[in-house]
Structures are given as structure tokens and as C-alpha cells.
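This is my_file23.cif (mmCIF, C-alpha atoms).
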data_input
#
loop_
_atom_site.label_atom_id
_atom_site.label_comp_id
_atom_site.auth_asym_id
_atom_site.auth_seq_id
_atom_site.Cartn_x
_atom_site.Cartn_y
_atom_site.Cartn_z
CA MET E 211 0.00 0.00 0.00
CA ASN E 212 1.53 3.33 -1.02
CA ASP E 213 1.51 6.45 1.15
CA ASN E 214 -1.29 8.16 -0.78
CA VAL E 215 -3.65 5.21 -0.38
CA SER E 216 -2.71 4.92 3.30
CA HIS E 217 -3.41 8.60 3.89
CA ASP E 218 -6.73 8.45 2.08
CA SER E 219 -7.88 5.39 4.02
CA LEU E 220 -7.00 7.00 7.35
CA THR E 221 -8.82 10.19 6.41
CA LEU E 222 -11.88 8.17 5.47
CA TYR E 223 -11.75 6.21 8.74
CA ASP E 224 -11.38 9.44 10.75
CA ALA E 225 -14.47 10.87 9.05
CA THR E 226 -16.43 7.65 9.60
CA ALA E 227 -15.48 7.61 13.28
CA ASN E 228 -16.58 11.23 13.67
CA LYS E 229 -19.96 10.40 12.14
CA ALA E 230 -20.38 7.49 14.53
CA ALA E 231 -19.71 9.74 17.51
CA SER E 232 -22.05 12.41 16.15
CA SER E 233 -24.91 9.93 15.98
CA VAL E 234 -24.65 9.30 19.73
CA ILE E 235 -25.46 12.85 20.80
CA LYS E 236 -28.24 13.12 18.24
CA GLN E 237 -29.87 9.98 19.62
CA TYR E 238 -29.49 10.75 23.33
CA SER E 239 -29.76 14.52 23.78
CA SER E 240 -31.76 16.68 21.42
CA SER E 241 -30.97 19.83 23.42
CA PHE E 242 -27.20 19.42 23.29
CA HIS E 243 -27.32 18.22 19.68
CA ILE E 244 -29.21 21.35 18.65
CA ALA E 245 -26.76 23.59 20.52
CA THR E 246 -23.72 21.89 18.94
CA CYS E 247 -25.09 22.72 15.49
CA LEU E 248 -24.09 26.32 16.20
CA TYR E 249 -20.40 25.54 16.67
CA PRO E 250 -17.91 25.84 13.80
CA GLU E 251 -17.39 22.45 12.17
CA ALA E 252 -14.10 21.50 13.88
CA ILE E 253 -15.34 22.44 17.37
CA ARG E 254 -18.69 20.73 16.74
CA ARG E 255 -16.84 17.54 15.82
CA ASP E 256 -14.69 17.58 18.96
CA ILE E 257 -17.59 18.37 21.30
CA ARG E 258 -19.58 15.47 19.86
CA ASN E 259 -16.59 13.11 20.11
CA LEU E 260 -16.25 13.96 23.81
CA TYR E 261 -19.98 13.59 24.43
CA ALA E 262 -20.04 10.10 22.89
CA VAL E 263 -17.49 8.79 25.40
CA VAL E 264 -19.33 10.40 28.33
CA ARG E 265 -22.61 8.89 27.13
CA ILE E 266 -21.17 5.39 26.82
CA ALA E 267 -19.79 5.58 30.37
CA ASP E 268 -23.28 6.62 31.49
CA GLU E 269 -24.74 3.58 29.76
CA ILE E 270 -22.39 1.29 31.68
CA VAL E 271 -23.47 2.61 35.08
CA ASP E 272 -27.13 3.29 34.27
CA GLY E 273 -27.99 -0.36 33.78
CA THR E 274 -27.77 -0.94 30.02
CA LEU E 275 -24.89 -3.38 30.50
CA ARG E 276 -26.76 -5.16 33.29
CA LYS E 277 -29.85 -5.53 31.11
CA ALA E 278 -27.78 -6.80 28.19
CA ASN E 279 -26.17 -9.48 30.37
CA CYS E 280 -29.22 -10.22 32.56
CA LEU E 281 -27.25 -9.42 35.71
CA SER E 282 -29.95 -8.06 37.98
CA GLY E 283 -28.45 -6.69 41.20
CA ASN E 284 -24.87 -7.51 40.16
CA THR E 285 -22.63 -4.42 40.08
CA GLN E 286 -19.28 -6.20 39.80
CA CYS E 287 -19.69 -6.68 36.07
CA MET E 288 -20.40 -2.95 35.68
CA ASN E 289 -17.44 -2.06 37.90
CA ASN E 290 -15.15 -4.20 35.77
CA ALA E 291 -16.53 -2.78 32.53
CA LEU E 292 -16.17 0.80 33.77
CA ALA E 293 -12.58 0.21 34.91
CA SER E 294 -11.74 -1.31 31.55
CA TYR E 295 -13.38 1.57 29.68
CA GLU E 296 -11.53 4.14 31.81
CA GLN E 297 -8.20 2.54 30.94
CA THR E 298 -9.17 2.45 27.27
CA ILE E 299 -10.04 6.15 27.27
CA LEU E 300 -6.96 7.23 29.22
CA SER E 301 -4.63 5.35 26.88
CA ALA E 302 -6.53 6.14 23.68
CA PRO E 303 -4.66 9.34 22.68
CA HIS E 304 -1.37 7.42 22.55
CA ARG E 305 -2.51 5.37 19.55
CA ARG E 306 -3.45 6.67 16.11
CA PHE E 307 -5.82 3.83 15.22
CA HIS E 308 -8.59 2.11 17.18
CA THR E 309 -10.96 -0.60 16.03
CA ASP E 310 -13.75 1.07 18.04
CA PRO E 311 -14.75 4.14 15.97
CA ILE E 312 -16.01 6.07 19.03
CA VAL E 313 -12.70 5.57 20.83
CA HIS E 314 -10.86 6.44 17.60
CA ALA E 315 -12.78 9.72 17.22
CA TYR E 316 -12.28 10.58 20.88
CA ALA E 317 -8.54 9.84 20.74
CA ASN E 318 -8.09 12.28 17.85
CA THR E 319 -9.94 14.98 19.81
CA ALA E 320 -8.12 14.33 23.11
CA ARG E 321 -4.74 14.43 21.37
CA ARG E 322 -5.58 17.55 19.39
CA CYS E 323 -7.01 19.44 22.39
CA GLY E 324 -4.63 18.25 25.10
CA PHE E 325 -7.16 16.74 27.50
CA SER E 326 -5.97 16.33 31.09
CA ASP E 327 -5.85 12.80 32.51
CA GLU E 328 -6.75 14.34 35.88
CA HIS E 329 -10.06 15.57 34.49
CA LEU E 330 -10.85 12.20 32.91
CA ARG E 331 -10.05 10.38 36.14
CA ALA E 332 -12.35 12.74 38.06
CA PHE E 333 -15.12 11.94 35.59
CA PHE E 334 -14.71 8.18 36.03
CA ARG E 335 -14.58 8.56 39.83
CA SER E 336 -18.04 10.09 39.67
CA MET E 337 -19.25 7.29 37.44
CA ARG E 338 -18.04 4.75 40.02
CA MET E 339 -20.04 6.59 42.68
CA ASP E 340 -23.18 5.74 40.70
CA LEU E 341 -22.40 2.07 41.25
CA SER E 342 -21.76 2.30 44.99
CA THR E 343 -23.89 5.18 46.32
CA THR E 344 -27.66 4.99 46.58
CA SER E 345 -28.28 8.12 48.64
CA PHE E 346 -25.94 11.09 48.24
CA ALA E 347 -24.86 13.26 51.17
CA ASP E 348 -24.08 16.89 50.38
CA THR E 349 -20.30 16.37 50.25
CA GLU E 350 -20.69 13.29 48.04
CA LEU E 351 -22.99 15.18 45.70
CA GLN E 352 -20.49 18.03 45.36
CA GLN E 353 -17.75 15.55 44.48
CA TYR E 354 -20.06 13.80 42.05
CA ILE E 355 -21.09 17.01 40.27
CA TYR E 356 -17.46 18.10 39.95
CA GLY E 357 -16.46 14.90 38.15
CA SER E 358 -19.61 14.30 36.15
CA ALA E 359 -20.29 17.86 35.01
CA GLU E 360 -17.80 20.55 35.99
CA VAL E 361 -14.79 18.80 34.45
CA ILE E 362 -16.80 18.32 31.26
CA GLY E 363 -17.08 22.11 31.12
CA LEU E 364 -13.31 22.36 31.57
CA LEU E 365 -12.72 19.80 28.80
CA CYS E 366 -14.97 21.86 26.53
CA LEU E 367 -12.69 24.83 27.20
CA ASP E 368 -9.75 22.71 26.01
CA ILE E 369 -11.67 22.25 22.76
CA PHE E 370 -12.62 25.93 22.44
CA TYR E 371 -9.02 27.04 22.91
CA SER E 372 -7.24 24.27 21.01
CA GLU E 373 -6.45 26.69 18.19
CA THR E 374 -7.06 29.99 19.98
CA PRO E 375 -4.68 31.61 22.48
CA ARG E 376 -5.95 31.47 26.04
CA PRO E 377 -6.72 34.82 27.67
CA ASP E 378 -4.68 36.53 30.38
CA SER E 379 -4.18 35.07 33.85
CA THR E 380 -6.95 37.24 35.30
CA THR E 381 -9.61 36.33 32.75
CA TRP E 382 -8.83 32.62 32.44
CA PRO E 383 -9.89 31.64 36.00
CA ARG E 384 -13.18 33.51 35.46
CA ILE E 385 -13.79 31.53 32.28
CA GLN E 386 -12.98 28.26 34.04
CA GLU E 387 -15.34 29.07 36.91
CA GLY E 388 -18.07 29.97 34.41
CA ALA E 389 -17.64 26.66 32.60
CA GLN E 390 -17.87 24.77 35.89
CA ARG E 391 -20.95 26.69 37.02
CA LEU E 392 -22.72 25.99 33.71
CA GLY E 393 -21.80 22.31 33.93
CA ALA E 394 -23.07 22.13 37.51
CA GLY E 395 -26.31 23.91 36.55
CA PHE E 396 -26.96 21.55 33.65
CA GLN E 397 -26.38 18.55 35.91
CA LYS E 398 -28.66 19.80 38.69
CA ILE E 399 -31.46 20.43 36.20
CA ASN E 400 -31.02 16.88 34.92
CA PHE E 401 -31.18 15.57 38.50
CA LEU E 402 -34.50 17.33 39.05
CA ARG E 403 -35.99 16.40 35.69
CA ASP E 404 -35.00 12.72 36.06
CA TYR E 405 -35.65 12.48 39.80
CA SER E 406 -38.53 10.03 39.55
CA GLU E 407 -36.71 7.65 37.18
CA ASP E 408 -33.43 7.86 39.10
CA THR E 409 -35.06 6.96 42.42
CA ALA E 410 -37.61 4.42 41.20
CA VAL E 411 -35.67 2.65 38.45
CA ARG E 412 -31.98 3.19 39.20
CA ARG E 413 -32.39 3.25 43.01
CA ARG E 414 -30.17 6.34 43.09
CA ASP E 415 -31.15 9.42 45.10
CA TYR E 416 -29.10 12.52 44.42
CA TYR E 417 -31.45 14.68 46.51
CA PRO E 418 -32.77 12.67 49.52
CA CYS E 419 -34.27 15.92 50.84
CA LEU E 420 -36.90 15.74 48.08
CA SER E 421 -38.52 12.73 49.74
CA ALA E 422 -38.66 14.42 53.18
CA PRO E 423 -41.71 16.25 54.61
CA SER E 424 -40.06 19.56 53.66
CA ALA E 425 -39.75 18.49 50.01
CA GLU E 426 -41.29 21.67 48.60
CA GLU E 427 -38.89 23.92 50.48
CA ALA E 428 -35.95 21.73 49.42
CA PHE E 429 -37.12 21.74 45.80
CA ASN E 430 -37.32 25.54 45.72
CA SER E 431 -33.88 25.83 47.32
CA ILE E 432 -32.28 23.46 44.80
CA LEU E 433 -33.94 25.26 41.91
CA ALA E 434 -32.73 28.65 43.19
CA GLU E 435 -29.19 27.27 43.53
CA THR E 436 -29.38 25.86 40.02
CA ARG E 437 -30.57 29.15 38.53
CA SER E 438 -27.69 30.88 40.31
CA ASP E 439 -25.22 28.47 38.67
CA LEU E 440 -26.72 28.96 35.22
CA LEU E 441 -26.87 32.75 35.46
CA ALA E 442 -23.33 33.00 36.86
CA GLY E 443 -22.05 30.81 34.05
CA ALA E 444 -23.97 32.80 31.46
CA GLN E 445 -22.25 35.98 32.62
CA THR E 446 -18.90 34.59 31.42
CA ILE E 447 -20.06 33.50 27.95
CA LYS E 448 -19.08 36.90 26.56
CA LEU E 449 -15.47 36.13 27.58
CA LEU E 450 -15.33 33.05 25.31
CA PRO E 451 -14.12 33.14 21.70
CA PRO E 452 -16.92 34.78 19.65
CA ARG E 453 -17.38 31.76 17.39
CA VAL E 454 -18.46 29.50 20.28
CA GLN E 455 -20.69 31.99 22.09
CA PRO E 456 -23.95 31.24 20.17
CA ALA E 457 -23.83 27.51 20.99
CA VAL E 458 -22.99 27.97 24.67
CA ALA E 459 -25.63 30.69 25.01
CA ALA E 460 -28.27 28.48 23.37
CA ALA E 461 -27.52 25.56 25.69
CA SER E 462 -27.62 27.88 28.70
CA GLU E 463 -30.96 29.40 27.67
CA ILE E 464 -32.54 26.00 26.96
CA TYR E 465 -31.65 24.88 30.49
CA LEU E 466 -32.89 28.15 32.00
CA GLU E 467 -36.17 27.56 30.18
CA LEU E 468 -36.29 24.06 31.62
CA ALA E 469 -35.68 25.55 35.08
CA ARG E 470 -38.63 27.88 34.55
CA LYS E 471 -40.79 24.95 33.50
CA LEU E 472 -39.77 22.98 36.61
CA SER E 473 -40.60 25.99 38.74
CA ARG E 474 -44.12 26.11 37.28
CA ASN E 475 -44.59 22.35 37.66
CA PRO E 476 -43.01 21.20 40.95
CA GLU E 477 -45.45 18.27 41.09
CA ALA E 478 -43.54 16.72 38.17
CA VAL E 479 -40.65 16.16 40.60
CA ILE E 480 -42.13 15.97 44.10
CA GLY E 481 -45.73 15.07 43.30
CA THR E 482 -47.35 11.66 43.46
CA GLY E 483 -48.63 9.13 40.96
CA ALA E 484 -49.32 10.42 37.47
CA ASN E 485 -48.25 13.94 38.46
CA LYS E 486 -44.64 12.79 38.34
CA ARG E 487 -43.26 13.10 34.81
CA ARG E 488 -40.16 14.05 32.87
CA LEU E 489 -40.42 17.62 31.61
CA SER E 490 -38.84 18.88 28.40
CA VAL E 491 -38.63 22.06 26.35
CA PRO E 492 -40.86 21.93 23.24
CA LYS E 493 -39.13 22.05 19.86
CA ALA E 494 -40.75 25.37 18.95
CA ILE E 495 -39.31 27.04 22.04
CA LYS E 496 -35.88 25.50 21.39
CA ALA E 497 -36.04 26.91 17.86
CA ARG E 498 -36.81 30.38 19.23
CA ILE E 499 -33.94 30.16 21.73
CA VAL E 500 -31.50 29.06 19.02
CA SER E 501 -32.69 31.86 16.71
CA GLN E 502 -32.19 34.47 19.40
CA ALA E 503 -28.72 33.16 20.22
CA ILE E 504 -27.73 33.42 16.56
CA VAL E 505 -29.14 36.92 16.13
CA ARG E 506 -27.48 38.24 19.30
CA SER E 507 -24.15 36.90 18.08
CA GLY E 508 -24.45 38.28 14.57
CA TYR E 509 -24.76 34.92 12.82
CA GLY E 510 -27.98 35.81 10.98
CA ALA E 511 -26.94 34.16 7.70
CA ALA E 512 -27.27 30.72 9.28
CA LEU E 513 -30.58 31.48 10.97
CA HIS E 514 -33.07 30.03 8.51
CA LYS E 515 -31.26 26.76 7.95
CA LEU E 516 -30.69 26.01 11.64
CA THR E 517 -34.12 26.99 12.91
CA ARG E 518 -35.74 24.84 10.23
CA LYS E 519 -33.57 21.90 11.39
CA VAL E 520 -34.52 22.46 15.04
CA GLY E 521 -38.21 22.58 14.26
CA ALA E 522 -38.16 19.47 12.05
#

Take the structure from the file and write it as C-alpha cells.
Amino acid sequence: MNDNVSHDSLTLYDATANKAASSVIKQYSSSFHIATCLYPEAIRRDIRNLYAVVRIADEIVDGTLRKANCLSGNTQCMNNALASYEQTILSAPHRRFHTDPIVHAYANTARRCGFSDEHLRAFFRSMRMDLSTTSFADTELQQYIYGSAEVIGLLCLDIFYSETPRPDSTTWPRIQEGAQRLGAGFQKINFLRDYSEDTAVRRRDYYPCLSAPSAEEAFNSILAETRSDLLAGAQTIKLLPPRVQPAVAAASEIYLELARKLSRNPEAVIGTGANKRRLSVPKAIKARIVSQAIVRSGYGAALHKLTRKVGA
């Protein structure tokens, strides 16, 4: 095989791997998929490659592996699978070819963007907590949110700045804090939205206070804390490179809208019987949010195409 053929085959495999990773986010998270459409192509690719690995780790701990192997109540298999997957992901950037296209796509992104092993280890520590913790104390929840959400925000910054100089030493910590606050806010909203399924199906209670007699007070407190995270993170979006601001702003606004919907429907989380349900933001509202994010950022030329895709 000559060099030209080798190069062409590797380029084709890279593109195929990227498409495989892209399909994961489209299948599992319509909100994040819509927001990633606003990124420039290279950043969109790397964000989706990262998301695919995070999603697969979630599938290991959320019971998909157990269902596939009919291992009801057995967590050792999931522990072993998660440990193996962590080692695969940590070592992936050191090899240029992987037979697993998701790992291959991720490895290219991690190598290109200089992902920190420390951040990846923190993420997998949180995933292991899902296998061993059924009711989270406040300190455990803080640790969990850091690894499962805040470090993902920091990894996204690695992607945003992979080809852009990082700002000065005063601005950079503000940007990092903003990324962590947004990640924490997204995660807390997901905890509230999925509370019924997490507790009833996965036997995992991130907010034990929501099953106490003072559930309404606790719910309002958590929601206020979450809004504070989202708004604090949103204040730093203007410090990011202009080309990524529309996507981050759209994701932030979609989750703020979901927070507003939770506030109007607390029974969906702390109610009983049929009142409990998983809330979502309608496609039409997502389309409006995306449109506004584009217009505010001066990307009007792409408006019609993207809003039509969102509303499809």
C-alpha cells in the first residue's frame, strides 16, 4: 500500500469515526445536539466526540450493560466494565488507530485538544459513585457534580481554545469558573428532571431531601441554587471566543427555560402518581432560543437553515 492510499484510508476512517460519535449525541440529547449545530465544524466535531465517550460511560453505570447481560443486582460486572473503559479512554490518545470508531474519534480529539488525565479520572470517579452510592450526602454530591459535570465544562474549554490563544491570567480563572458553574447547573437540572426515574428505576437518590416532609422547600432551594449556577455561568459566555458563544448561550438558555418549567410544575418532581413526569422544552421554544442566540451573536446568515432543522 503506497503512502497516498494509506493517507486516504486514514482520512476516510477518521471521518467515519466522527460520524459514529455524532450519531450518539443526536440519539441521546436533542438539546445538546441542537446547541452543537451552532459551533464551527471542527469544534462541533470535537464536542460530539467527547460527548459520545461520556454517554457510553453513562450507559455502563445506568444499567444498560446489566440488562444486556441479565445481571440483575450484580454491580461487579459494571465495575469491571467501567474500569476497563476508563483505561481504554486514558490510553486512547497514545494510539493513532482504534478498532472502536467512538474511541478512535475521541482519541483524535483528546490528542488535538490536550485533554488532562486528571479531568478524565475525576469523571470516572463520579461514574463509580453511581455504582456504589444509593443516597448522596451533600459532600458526596459536590464531588459527584465536579467529576460528572464541571470537568466536562473544563474539557470543553480545552476544545474551544485548542487553536485559539488562552486569555490573560486574570480572565482565564473567570472563564474556568463559568464553565464549571454551567456544567453544575446543567447537571442539577437533569437531577430534578430525572428524579422520579433515578429513584424508582436506578435506586439512586441525588437529593434525599426531596422525599422528606419539607420536600417543597428543598425543591425551591435546589432550583434557586441551580438558577444561580446557570446565570453565573452565562455571565462569562461573553469572555469566550466569539465563534463558540452562540452555541454555549443556546444551551444555557434552553436549560434556563427548563428551570422555569420545573418551577411552574413542581409536582412533576415531588408530586405523586401520574403527576410525576419528565419535563422537556418543546421544539418550537428551542427553535426560538437558538434563533435568538444566533441573532445576538451576529450569525444571521445561518438562521433560517438552523431553525428549520430544530423545528423538524

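With distances restricted to only C-alpha atoms, E:Ala267 is the closest residue to Gln297 in chain E from E:Ala484, E:Ala267, E:Ile355, E:Ala262.
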
Can you tell me which residues surround Phe334 in chain E at a distance of at most 8 Å, considering all atoms listed in the file, apart from same-chain residues fewer than 6 positions away, and format the answer as a list in words?
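Within the cut-off, the hits are Leu292, Glu296, Gly357 and Ser358 of chain E.
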
Counting all atoms listed in the file, find residues at most 12 Å from (-8.0, 21.3, 18.0) (file frame) and give them as an MDAnalysis selection string.
chainID E and resid 250:257 316:325 365:375

I'd like the contact shell of Thr436 in chain E - 12 Å cut-off, all atoms listed in the file, skipping same-chain residues fewer than 2 positions apart - returned as a compact mmCIF listing (two decimals) with C-alpha atoms, keeping the file's coordinate frame.
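Writing the result to around_6.txt gives the following:
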# COMPACT_ATOMS: atom_id res chain seq x y z
CA ARG E 391 -20.95 26.69 37.02
CA LEU E 392 -22.72 25.99 33.71
CA GLY E 393 -21.80 22.31 33.93
CA ALA E 394 -23.07 22.13 37.51
CA GLY E 395 -26.31 23.91 36.55
CA PHE E 396 -26.96 21.55 33.65
CA GLN E 397 -26.38 18.55 35.91
CA LYS E 398 -28.66 19.80 38.69
CA ILE E 399 -31.46 20.43 36.20
CA ASN E 400 -31.02 16.88 34.92
CA PHE E 401 -31.18 15.57 38.50
CA LEU E 402 -34.50 17.33 39.05
CA PHE E 429 -37.12 21.74 45.80
CA ASN E 430 -37.32 25.54 45.72
CA SER E 431 -33.88 25.83 47.32
CA ILE E 432 -32.28 23.46 44.80
CA LEU E 433 -33.94 25.26 41.91
CA ALA E 434 -32.73 28.65 43.19
CA SER E 438 -27.69 30.88 40.31
CA ASP E 439 -25.22 28.47 38.67
CA LEU E 440 -26.72 28.96 35.22
CA LEU E 441 -26.87 32.75 35.46
CA ALA E 442 -23.33 33.00 36.86
CA GLY E 443 -22.05 30.81 34.05
CA SER E 462 -27.62 27.88 28.70
CA TYR E 465 -31.65 24.88 30.49
CA LEU E 466 -32.89 28.15 32.00
CA LEU E 468 -36.29 24.06 31.62
CA ALA E 469 -35.68 25.55 35.08
CA ARG E 470 -38.63 27.88 34.55
CA LEU E 472 -39.77 22.98 36.61
CA SER E 473 -40.60 25.99 38.74

Apply the PyMOL selection byres ((chain E and resi 272) around 10) to the displayed file and report the matching residues as JSON, numbers by chain.
{"E": [266, 267, 268, 269, 270, 271, 273, 274, 275, 276, 277, 288, 337, 340, 341, 408, 411, 412, 414]}
